[in-house]
file final-v9.txt (compact mmCIF, C-alpha atoms and all ligand atoms)
# COMPACT_ATOMS: atom_id res chain seq x y z
CA MET A 1 -8.07 30.20 -24.81
CA SER A 2 -11.58 28.84 -25.22
CA THR A 3 -11.99 25.11 -24.89
CA LYS A 4 -14.21 22.65 -26.72
CA ILE A 5 -15.21 20.05 -24.15
CA GLY A 6 -16.99 16.82 -25.05
CA VAL A 7 -19.05 15.26 -22.22
CA TYR A 8 -20.13 11.62 -22.20
CA VAL A 9 -22.52 10.28 -19.57
CA CYS A 10 -22.56 6.51 -19.15
CA HIS A 11 -25.58 4.36 -18.22
CA CYS A 12 -23.44 1.33 -17.26
CA GLY A 13 -26.47 -0.76 -18.14
CA THR A 14 -28.68 -0.04 -15.15
CA ASN A 15 -25.78 0.40 -12.71
CA ILE A 16 -25.95 4.15 -13.16
CA SER A 17 -29.21 4.71 -15.04
CA GLY A 18 -31.15 2.68 -12.42
CA LYS A 19 -30.67 5.58 -9.99
CA VAL A 20 -29.35 8.56 -11.93
CA ASN A 21 -31.55 10.26 -14.51
CA VAL A 22 -28.86 10.15 -17.19
CA THR A 23 -30.84 12.17 -19.76
CA GLU A 24 -31.36 14.97 -17.25
CA VAL A 25 -27.65 14.99 -16.37
CA THR A 26 -26.70 15.08 -20.07
CA GLU A 27 -29.02 18.01 -20.75
CA PHE A 28 -27.53 19.77 -17.71
CA ALA A 29 -24.02 19.21 -19.11
CA LYS A 30 -24.92 20.82 -22.44
CA LYS A 31 -25.37 24.16 -20.66
CA LEU A 32 -22.05 24.12 -18.79
CA PRO A 33 -19.37 26.64 -19.92
CA GLY A 34 -16.98 25.33 -22.58
CA VAL A 35 -19.08 22.25 -23.42
CA ALA A 36 -19.40 21.74 -27.18
CA ILE A 37 -21.31 18.47 -27.05
CA ALA A 38 -22.83 16.19 -24.42
CA ARG A 39 -24.02 12.66 -25.10
CA GLU A 40 -25.33 9.71 -23.13
CA TYR A 41 -24.45 6.11 -23.98
CA LYS A 42 -25.19 2.64 -22.58
CA PHE A 43 -21.60 1.43 -22.13
CA MET A 44 -18.95 4.10 -22.65
CA CYS A 45 -16.02 1.71 -22.16
CA SER A 46 -17.18 -0.55 -25.00
CA ASP A 47 -15.51 -0.21 -28.40
CA PRO A 48 -18.49 1.74 -29.86
CA GLY A 49 -18.39 4.05 -26.80
CA GLN A 50 -14.71 4.82 -27.33
CA ILE A 51 -15.19 5.27 -31.07
CA LEU A 52 -17.94 7.79 -30.28
CA ILE A 53 -15.37 9.90 -28.43
CA GLU A 54 -12.69 9.49 -31.10
CA ASP A 55 -15.10 10.45 -33.92
CA ASP A 56 -16.33 13.52 -32.03
CA ILE A 57 -12.76 14.68 -31.44
CA LYS A 58 -12.00 14.38 -35.14
CA ASN A 59 -15.29 15.76 -36.47
CA LEU A 60 -15.97 18.52 -33.93
CA GLY A 61 -12.41 19.52 -33.00
CA LEU A 62 -12.88 18.73 -29.28
CA ASP A 63 -9.81 19.50 -27.17
CA ARG A 64 -10.96 18.23 -23.73
CA ILE A 65 -12.94 15.10 -22.86
CA VAL A 66 -15.03 14.40 -19.75
CA VAL A 67 -16.60 11.00 -19.10
CA ALA A 68 -19.09 10.59 -16.25
CA SER A 69 -19.08 6.89 -15.44
CA CYS A 70 -17.23 4.67 -12.96
CA SER A 71 -14.04 4.92 -10.92
CA PRO A 72 -10.91 6.22 -12.70
CA LEU A 73 -9.20 3.14 -11.27
CA MET A 74 -11.25 1.09 -13.73
CA HIS A 75 -11.37 3.02 -16.94
CA GLU A 76 -9.23 6.16 -16.86
CA PRO A 77 -6.55 4.38 -18.94
CA THR A 78 -9.25 3.23 -21.40
CA PHE A 79 -10.50 6.75 -22.11
CA ARG A 80 -7.04 8.28 -22.05
CA GLY A 81 -6.21 5.76 -24.80
CA ALA A 82 -9.24 6.87 -26.84
CA CYS A 83 -8.11 10.51 -26.54
CA GLU A 84 -4.58 9.65 -27.61
CA ARG A 85 -5.79 7.71 -30.65
CA ALA A 86 -7.61 10.87 -31.77
CA ASN A 87 -4.52 13.04 -31.12
CA VAL A 88 -5.69 14.66 -27.89
CA ASN A 89 -3.10 14.57 -25.11
CA ARG A 90 -4.05 11.93 -22.51
CA TYR A 91 -3.88 14.47 -19.68
CA LEU A 92 -6.66 16.54 -21.24
CA PHE A 93 -9.10 13.85 -20.13
CA GLN A 94 -11.16 14.11 -16.93
CA MET A 95 -13.40 11.51 -15.32
CA ALA A 96 -16.37 11.98 -12.96
CA ASN A 97 -17.31 8.98 -10.85
CA ILE A 98 -21.12 8.86 -10.84
CA ARG A 99 -21.29 5.14 -10.08
CA GLU A 100 -19.22 4.23 -6.95
CA HIS A 101 -19.57 7.77 -5.59
CA CYS A 102 -23.20 8.22 -6.57
CA SER A 103 -25.64 5.64 -7.97
CA TRP A 104 -24.24 2.76 -5.89
CA VAL A 105 -24.36 4.60 -2.59
CA THR A 106 -27.90 5.93 -2.37
CA VAL A 107 -31.47 4.66 -2.66
CA ASP A 108 -32.78 8.11 -3.61
CA PRO A 109 -32.90 8.73 -7.41
CA ASN A 110 -33.31 12.50 -7.01
CA ALA A 111 -30.33 12.78 -4.67
CA ALA A 112 -28.31 10.59 -7.05
CA THR A 113 -29.19 12.77 -10.05
CA GLU A 114 -28.34 16.00 -8.21
CA LYS A 115 -25.03 14.60 -7.00
CA ALA A 116 -24.19 13.38 -10.51
CA LYS A 117 -24.78 16.90 -11.83
CA ALA A 118 -22.53 18.39 -9.13
CA LEU A 119 -19.74 15.88 -9.81
CA LEU A 120 -20.01 16.46 -13.54
CA ALA A 121 -19.97 20.25 -13.17
CA GLY A 122 -16.78 19.94 -11.11
CA ALA A 123 -15.17 17.68 -13.70
CA VAL A 124 -16.07 20.03 -16.56
CA ALA A 125 -14.70 23.03 -14.66
CA LYS A 126 -11.47 21.15 -14.00
CA ALA A 127 -11.21 19.97 -17.61
CA GLY A 128 -11.13 23.58 -18.73
CA THR A 129 -7.96 24.14 -16.71
CA LEU A 130 -6.06 21.00 -17.80
CA GLN A 131 -2.78 21.33 -19.67
CA SER A 132 -1.04 18.91 -22.05
CA LEU A 133 1.80 17.02 -20.41
CA PRO A 134 4.62 15.22 -22.22
CA HIS A 135 5.63 11.71 -21.30
CA LYS A 136 9.11 11.47 -19.85
CA THR A 137 11.10 8.28 -19.36
CA VAL A 138 13.42 8.17 -16.36
CA PRO A 139 15.64 5.38 -15.02
CA VAL A 140 14.18 3.56 -12.04
CA ASN A 141 16.08 1.85 -9.22
CA PRO A 142 14.10 -1.35 -8.57
CA ALA A 143 15.75 -2.08 -5.20
CA THR A 144 13.14 -2.29 -2.43
CA LEU A 145 13.18 -1.27 1.21
CA VAL A 146 11.12 -3.34 3.65
CA VAL A 147 10.83 -1.88 7.14
CA GLY A 148 10.16 -4.37 9.92
CA ALA A 149 11.13 -8.03 9.79
CA GLY A 150 8.11 -9.66 11.42
CA ILE A 151 6.41 -12.44 9.47
CA ALA A 152 4.86 -9.89 7.07
CA GLY A 153 8.17 -8.13 6.32
CA ILE A 154 10.02 -11.44 6.04
CA GLN A 155 7.51 -12.85 3.54
CA ALA A 156 7.41 -9.63 1.53
CA ALA A 157 11.21 -9.55 1.40
CA LEU A 158 11.39 -13.19 0.29
CA ASP A 159 8.75 -12.73 -2.43
CA ILE A 160 10.43 -9.64 -3.83
CA ALA A 161 13.91 -11.15 -3.56
CA ASP A 162 12.74 -14.34 -5.31
CA SER A 163 11.54 -12.21 -8.22
CA GLY A 164 15.13 -11.03 -8.67
CA ARG A 165 15.04 -7.64 -6.94
CA THR A 166 17.44 -6.46 -4.28
CA VAL A 167 15.72 -6.00 -0.91
CA TYR A 168 16.98 -4.00 2.05
CA LEU A 169 15.22 -5.47 5.10
CA VAL A 170 15.51 -3.13 8.09
CA GLU A 171 14.67 -4.41 11.58
CA LYS A 172 15.07 -2.33 14.71
CA GLN A 173 15.47 -5.30 17.04
CA PRO A 174 18.68 -7.35 17.15
CA SER A 175 16.74 -10.35 15.80
CA ILE A 176 14.13 -10.76 13.10
CA GLY A 177 10.81 -12.59 13.56
CA GLY A 178 8.65 -9.98 15.30
CA HIS A 179 5.64 -11.12 17.32
CA MET A 180 5.46 -14.54 15.74
CA ALA A 181 8.85 -15.45 17.22
CA LEU A 182 7.20 -15.13 20.65
CA PHE A 183 4.31 -17.50 20.01
CA ASP A 184 4.08 -21.20 20.65
CA LYS A 185 1.15 -21.87 18.35
CA THR A 186 -0.78 -19.72 15.90
CA PHE A 187 -4.52 -19.28 16.01
CA PRO A 188 -6.78 -20.63 14.47
CA THR A 189 -4.95 -23.66 13.05
CA LEU A 190 -2.72 -24.20 16.10
CA ASP A 191 0.24 -24.70 13.80
CA CYS A 192 3.63 -24.53 15.43
CA ALA A 193 4.70 -20.88 15.05
CA ALA A 194 8.41 -21.62 15.05
CA CYS A 195 8.00 -24.36 12.43
CA ILE A 196 6.53 -21.79 10.02
CA LEU A 197 8.74 -18.88 10.96
CA THR A 198 12.25 -20.22 11.49
CA PRO A 199 12.77 -21.67 7.97
CA LYS A 200 11.81 -18.27 6.58
CA MET A 201 14.19 -16.51 8.98
CA VAL A 202 17.00 -18.75 7.73
CA GLN A 203 16.05 -18.10 4.09
CA VAL A 204 16.19 -14.36 4.73
CA GLY A 205 19.66 -14.67 6.25
CA LYS A 206 20.93 -16.70 3.30
CA HIS A 207 19.17 -15.03 0.38
CA SER A 208 21.67 -13.41 -1.94
CA ASN A 209 19.19 -10.66 -2.88
CA ILE A 210 18.36 -9.65 0.71
CA LYS A 211 20.56 -7.22 2.60
CA LEU A 212 19.47 -7.72 6.20
CA MET A 213 20.03 -4.81 8.59
CA THR A 214 19.18 -5.68 12.19
CA SER A 215 19.44 -3.25 15.14
CA SER A 216 18.71 -0.62 12.52
CA GLU A 217 16.14 2.08 11.91
CA VAL A 218 15.25 4.33 9.00
CA GLU A 219 16.38 7.84 9.81
CA LYS A 220 15.63 9.75 6.62
CA VAL A 221 13.83 9.16 3.30
CA GLU A 222 14.37 11.48 0.33
CA GLY A 223 13.51 11.36 -3.36
CA PHE A 224 10.52 10.07 -5.26
CA VAL A 225 9.04 6.90 -6.70
CA GLY A 226 11.79 4.96 -8.46
CA ASN A 227 14.58 7.06 -6.99
CA PHE A 228 14.53 7.08 -3.21
CA ARG A 229 17.54 7.71 -1.01
CA VAL A 230 17.22 6.27 2.48
CA LYS A 231 19.46 6.83 5.45
CA VAL A 232 19.51 3.90 7.89
CA ARG A 233 20.99 4.21 11.36
CA HIS A 234 22.67 1.03 12.58
CA ASN A 235 22.60 1.00 16.37
CA ALA A 236 25.82 0.00 18.09
CA THR A 237 25.97 -3.68 19.06
CA TYR A 238 29.70 -3.83 19.78
CA VAL A 239 29.88 -6.97 17.67
CA ASP A 240 31.74 -7.27 14.36
CA HIS A 241 29.05 -9.12 12.41
CA ILE A 242 31.52 -10.12 9.71
CA LYS A 243 33.73 -11.91 12.21
CA CYS A 244 31.03 -13.19 14.60
CA THR A 245 30.51 -16.95 14.27
CA GLY A 246 27.46 -17.05 16.57
CA CYS A 247 29.31 -19.33 19.01
CA GLY A 248 27.36 -17.78 21.93
CA LEU A 249 30.30 -17.41 24.36
CA CYS A 250 29.59 -13.70 24.87
CA TRP A 251 26.06 -14.56 25.90
CA GLU A 252 27.36 -16.46 28.92
CA SER A 253 28.56 -13.24 30.54
CA CYS A 254 26.24 -10.78 28.85
CA PRO A 255 24.66 -8.30 31.35
CA ALA A 256 21.61 -7.84 29.06
CA ARG A 257 20.76 -11.45 29.77
CA MET A 258 19.45 -10.37 33.17
CA ILE A 259 16.74 -8.18 31.64
CA PRO A 260 13.41 -10.04 31.33
CA ALA A 261 12.59 -11.20 27.84
CA ALA A 262 10.13 -9.10 25.80
CA ARG A 263 7.78 -12.04 25.99
CA VAL A 264 7.62 -11.80 29.79
CA ILE A 265 7.26 -8.03 29.79
CA ARG A 266 4.30 -8.27 27.41
CA LYS A 267 2.53 -10.59 29.83
CA GLY A 268 2.25 -7.50 32.03
CA LYS A 269 4.48 -8.50 34.94
CA LEU A 270 7.51 -6.30 34.60
CA VAL A 271 10.53 -6.76 36.90
CA ILE A 272 12.49 -3.59 37.52
CA GLY A 273 16.18 -4.09 38.19
CA ARG A 274 18.18 -7.25 38.18
CA SER A 275 17.14 -9.12 41.29
CA LYS A 276 18.50 -12.53 42.12
CA GLU A 277 15.00 -13.97 41.70
CA ALA A 278 14.65 -12.47 38.28
CA MET A 279 17.96 -13.92 37.23
CA GLU A 280 16.95 -17.29 38.60
CA GLY A 281 13.65 -16.93 36.79
CA LEU A 282 15.37 -16.39 33.50
CA GLU A 283 17.28 -19.58 34.01
CA GLY A 284 14.37 -21.61 35.35
CA GLY A 285 10.98 -20.33 34.28
CA ASN A 286 8.86 -21.07 37.35
CA GLY A 287 11.19 -19.23 39.69
CA PHE A 288 11.07 -16.21 37.46
CA HIS A 289 7.31 -16.25 37.30
CA LYS A 290 7.21 -16.38 41.12
CA SER A 291 9.48 -13.36 41.41
CA LEU A 292 7.30 -11.43 38.97
CA THR A 293 4.10 -11.99 40.88
CA GLN A 294 5.46 -11.10 44.31
C1 LIG A 301 -0.46 -11.68 21.86
C2 LIG A 301 -0.69 -11.87 20.39
C3 LIG A 301 -1.15 -13.10 19.94
C4 LIG A 301 -1.38 -13.30 18.57
N1 LIG A 301 -1.80 -14.53 18.14
C5 LIG A 301 -2.01 -14.75 16.83
C6 LIG A 301 -2.41 -16.03 16.34
O1 LIG A 301 -2.56 -16.95 17.10
N2 LIG A 301 -2.62 -16.19 15.00
C7 LIG A 301 -2.44 -15.16 14.13
O2 LIG A 301 -2.63 -15.36 12.93
N3 LIG A 301 -2.05 -13.96 14.56
C8 LIG A 301 -1.82 -13.72 15.87
N4 LIG A 301 -1.45 -12.48 16.31
C9 LIG A 301 -1.27 -11.48 15.35
C10 LIG A 301 0.10 -11.74 14.75
O3 LIG A 301 1.10 -11.68 15.73
C11 LIG A 301 0.40 -10.70 13.84
O4 LIG A 301 -0.63 -10.61 12.88
C12 LIG A 301 1.69 -10.98 13.13
O5 LIG A 301 2.70 -11.54 13.91
C13 LIG A 301 2.08 -9.63 12.68
O6 LIG A 301 3.20 -9.76 11.90
P1 LIG A 301 3.85 -8.48 11.33
O7 LIG A 301 5.06 -8.91 10.58
O8 LIG A 301 2.83 -7.69 10.59
O9 LIG A 301 4.21 -7.56 12.60
P2 LIG A 301 5.20 -7.87 13.82
O10 LIG A 301 5.32 -9.31 14.12
O11 LIG A 301 4.75 -6.96 14.91
O12 LIG A 301 6.58 -7.39 13.24
C14 LIG A 301 6.88 -6.05 13.06
C15 LIG A 301 8.39 -5.95 13.05
O13 LIG A 301 8.73 -4.62 12.68
C16 LIG A 301 9.73 -4.17 13.56
N5 LIG A 301 9.63 -2.72 13.58
C17 LIG A 301 8.64 -1.97 14.09
N6 LIG A 301 8.87 -0.66 13.89
C18 LIG A 301 10.04 -0.60 13.21
C19 LIG A 301 10.83 0.49 12.72
N7 LIG A 301 10.45 1.75 12.88
N8 LIG A 301 12.00 0.20 12.08
C20 LIG A 301 12.38 -1.10 11.93
N9 LIG A 301 11.69 -2.14 12.38
C21 LIG A 301 10.52 -1.91 13.02
C22 LIG A 301 9.43 -4.84 14.88
O14 LIG A 301 10.58 -4.89 15.71
C23 LIG A 301 9.00 -6.22 14.40
O15 LIG A 301 10.07 -7.11 14.26
C24 LIG A 301 -1.20 -12.25 17.65
C25 LIG A 301 -0.73 -11.02 18.13
C26 LIG A 301 -0.47 -10.83 19.48
C27 LIG A 301 0.04 -9.49 19.95
S1 LIG A 302 -17.37 3.00 -18.45
FE1 LIG A 302 -17.57 2.27 -16.36
S2 LIG A 302 -19.64 2.90 -15.82
FE2 LIG A 302 -19.55 2.92 -18.06
S3 LIG A 302 -20.16 0.87 -18.75
FE3 LIG A 302 -17.95 0.83 -18.54
S4 LIG A 302 -17.65 0.03 -16.44
FE4 LIG A 302 -19.78 0.77 -16.54
S1 LIG A 303 31.65 -14.58 21.44
FE1 LIG A 303 30.86 -15.72 19.69
S2 LIG A 303 28.73 -15.03 19.48
FE2 LIG A 303 29.76 -13.53 20.80
S3 LIG A 303 30.44 -11.93 19.37
FE3 LIG A 303 32.17 -13.38 19.60
S4 LIG A 303 31.91 -14.84 17.91
FE4 LIG A 303 29.95 -13.71 18.10
call {"tool": "encode", "arguments": {"input": "final-v9.txt", "output": "structure tokens"}}
result
Amino acid sequence: MSTKIGVYVCHCGTNISGKVNVTEVTEFAKKLPGVAIAREYKFMCSDPGQILIEDDIKNLGLDRIVVASCSPLMHEPTFRGACERANVNRYLFQMANIREHCSWVTVDPNAATEKAKALLAGAVAKAGTLQSLPHKTVPVNPATLVVGAGIAGIQAALDIADSGRTVYLVEKQPSIGGHMALFDKTFPTLDCAACILTPKMVQVGKHSNIKLMTSSEVEKVEGFVGNFRVKVRHNATYVDHIKCTGCGLCWESCPARMIPAARVIRKGKLVIGRSKEAMEGLEGGNGFHKSLTQ
């Protein structure tokens, strides 16, 4: 099926036309296969710019539209809207970025003009292959998974939970807090790290929208945006978290207590085994440090 492509090359004031020879690019576009009309315009995203496209679709029977202007992040929805208003499916629109990818990133007008032509030729070729797509509405599960309960994960979980969404917060360590739980003060303000972190840790534990999963890791993720299925492995802790009151009695005789804290290991002085000195160090501080440096 032959296509009737309309091409519109934007000046963006002088943002594009200051480097790219827009007239030359427009003339180049007129000769590309499938192109029925090519125009240049000062500001394509303005109302008159959009009306130009809509009128051409209606008057010339265009069935594909290409705009050479800025990033699709900025104005793809704008031009898709113009197409739809003139009864052309929104997915029959193609954009070429001759601003961020071209005029803004060179000082050489000739190079900019040649690159603009190449980008436009690619966009026109692609436009010829585009197909109409229908819009489909599907149910979305708004529950959110946050992996890692350091300060970033904690804050993200709280923000999302406060907005009314369910959050699954997965932390591989037995406790949340991450690096910040190991600091005394935070640079550069020298604020007390625990004073900032611990209230948030408590909020996470109490928040009715947050399902906290410690000693856990994501094993498998399936699905797609709005409908993910995630398998989380909960590592054995040998504690019934429903019944545990946090009284701490088990800690008194816990063998893991004799392993140096992560904080000490990160200082670079690792003790292998469970020496008497190391155990003393864990109780005392100075004694432990001495044993580490021997
Ligand atoms: C020595 C040191 C000093 C620092 N000092 C400062 C400072 O003074 N001021 C400052 O602003 N910043 C400082 N930083 C940086 C600061 O620690 C970090 O920016 C901040 O703590 C990072 O928080 P986070 O939540 O992104 O990551 P982290 O605190 O690293 O938390 C990540 C969490 O994710 C968990 N996790 C990792 N992988 C998985 C997984 N696969 N599944 C589940 N959970 C997982 C971890 O166990 C951890 O709890 C310092 C960093 C270091 C290392
Ligand atoms: S469409 Fe993009 S490049 Fe053209 S005037 Fe608007 S912002 Fe500038
Ligand atoms: S002894 Fe206390 S802290 Fe340890 S598991 Fe039992 S209730 Fe929890």
call {"tool": "closest_atom_pairs", "arguments": {"input": "final-v9.txt", "of": "chain A", "to": "ligand LIG 301 (chain A)", "cutoff": "9 Å", "atoms": "all atoms listed in the file", "output": "CSV"}}
result
residue,atom,partner,partner_atom,distance
A:Val146,CA,A:LIG301,C20,8.7
A:Val147,CA,A:LIG301,C20,5.1
A:Gly148,CA,A:LIG301,O13,3.1
A:Ala149,CA,A:LIG301,O15,4.7
A:Gly150,CA,A:LIG301,O7,3.3
A:Ile151,CA,A:LIG301,O7,3.9
A:Ala152,CA,A:LIG301,O7,3.6
A:Gly153,CA,A:LIG301,O7,5.3
A:Ile154,CA,A:LIG301,O7,7.2
A:Gln155,CA,A:LIG301,O7,8.4
A:Leu169,CA,A:LIG301,C20,8.6
A:Val170,CA,A:LIG301,C20,5.4
A:Glu171,CA,A:LIG301,N9,3.8
A:Lys172,CA,A:LIG301,C20,4.1
A:Gln173,CA,A:LIG301,O14,5.1
A:Pro174,CA,A:LIG301,O14,8.6
A:Ser175,CA,A:LIG301,O15,7.6
A:Ile176,CA,A:LIG301,O15,5.6
A:Gly177,CA,A:LIG301,O15,5.6
A:Gly178,CA,A:LIG301,O15,3.4
A:His179,CA,A:LIG301,O10,3.7
A:Met180,CA,A:LIG301,O5,4.5
A:Ala181,CA,A:LIG301,O10,7.7
A:Leu182,CA,A:LIG301,C1,8.5
A:Phe183,CA,A:LIG301,C3,7.0
A:Asp184,CA,A:LIG301,O1,8.6
A:Lys185,CA,A:LIG301,O1,6.3
A:Thr186,CA,A:LIG301,O1,3.5
A:Phe187,CA,A:LIG301,O1,3.2
A:Pro188,CA,A:LIG301,N2,6.1
A:Thr189,CA,A:LIG301,N2,8.1
A:Leu190,CA,A:LIG301,O1,7.3
A:Asp191,CA,A:LIG301,O1,8.9
A:Ala193,CA,A:LIG301,O1,8.5
A:Thr214,CA,A:LIG301,C20,8.2
A:Ser215,CA,A:LIG301,C20,8.0
A:Ser216,CA,A:LIG301,C20,6.4
A:Glu217,CA,A:LIG301,N8,4.6
A:Val218,CA,A:LIG301,N8,6.1
A:Arg266,CA,A:LIG301,C1,8.1
A:Lys267,CA,A:LIG301,C1,8.6
call {"tool": "residues_around", "arguments": {"input": "final-v9.txt", "residues": "A:Lys42", "least_positions_apart": "3", "cutoff": "10 Å", "atoms": "only C-alpha atoms", "output": "list in words"}}
result
Val9, Cys10, His11, Cys12, Gly13, Thr14, Ile16, Ser17, Val22, Cys45, Ser46, Pro48 and Gly49 of chain A
call {"tool": "residues_around", "arguments": {"input": "final-v9.txt", "residues": "A:Val20", "least_positions_apart": "2", "cutoff": "10 Å", "atoms": "all atoms listed in the file", "output": "PyMOL selection string"}}
result
chain A and resi 11+14-18+22-25+98-99+102-104+108-117
call {"tool": "residues_near_ligand", "arguments": {"input": "final-v9.txt", "ligand": "ligand LIG 303 (chain A)", "cutoff": "9 Å", "atoms": "all atoms listed in the file", "output": "PyMOL selection string"}}
result
chain A and resi 238-241+243-252
call {"tool": "atom_distance", "arguments": {"input": "final-v9.txt", "atom1": "atom CA of A:Asn209", "atom2": "atom CA of A:Asn141"}}
result
14.4 Å
call {"tool": "atom_distance", "arguments": {"input": "final-v9.txt", "atom1": "atom CA of A:Ser163", "atom2": "atom CA of A:Lys211"}}
result
14.9 Å
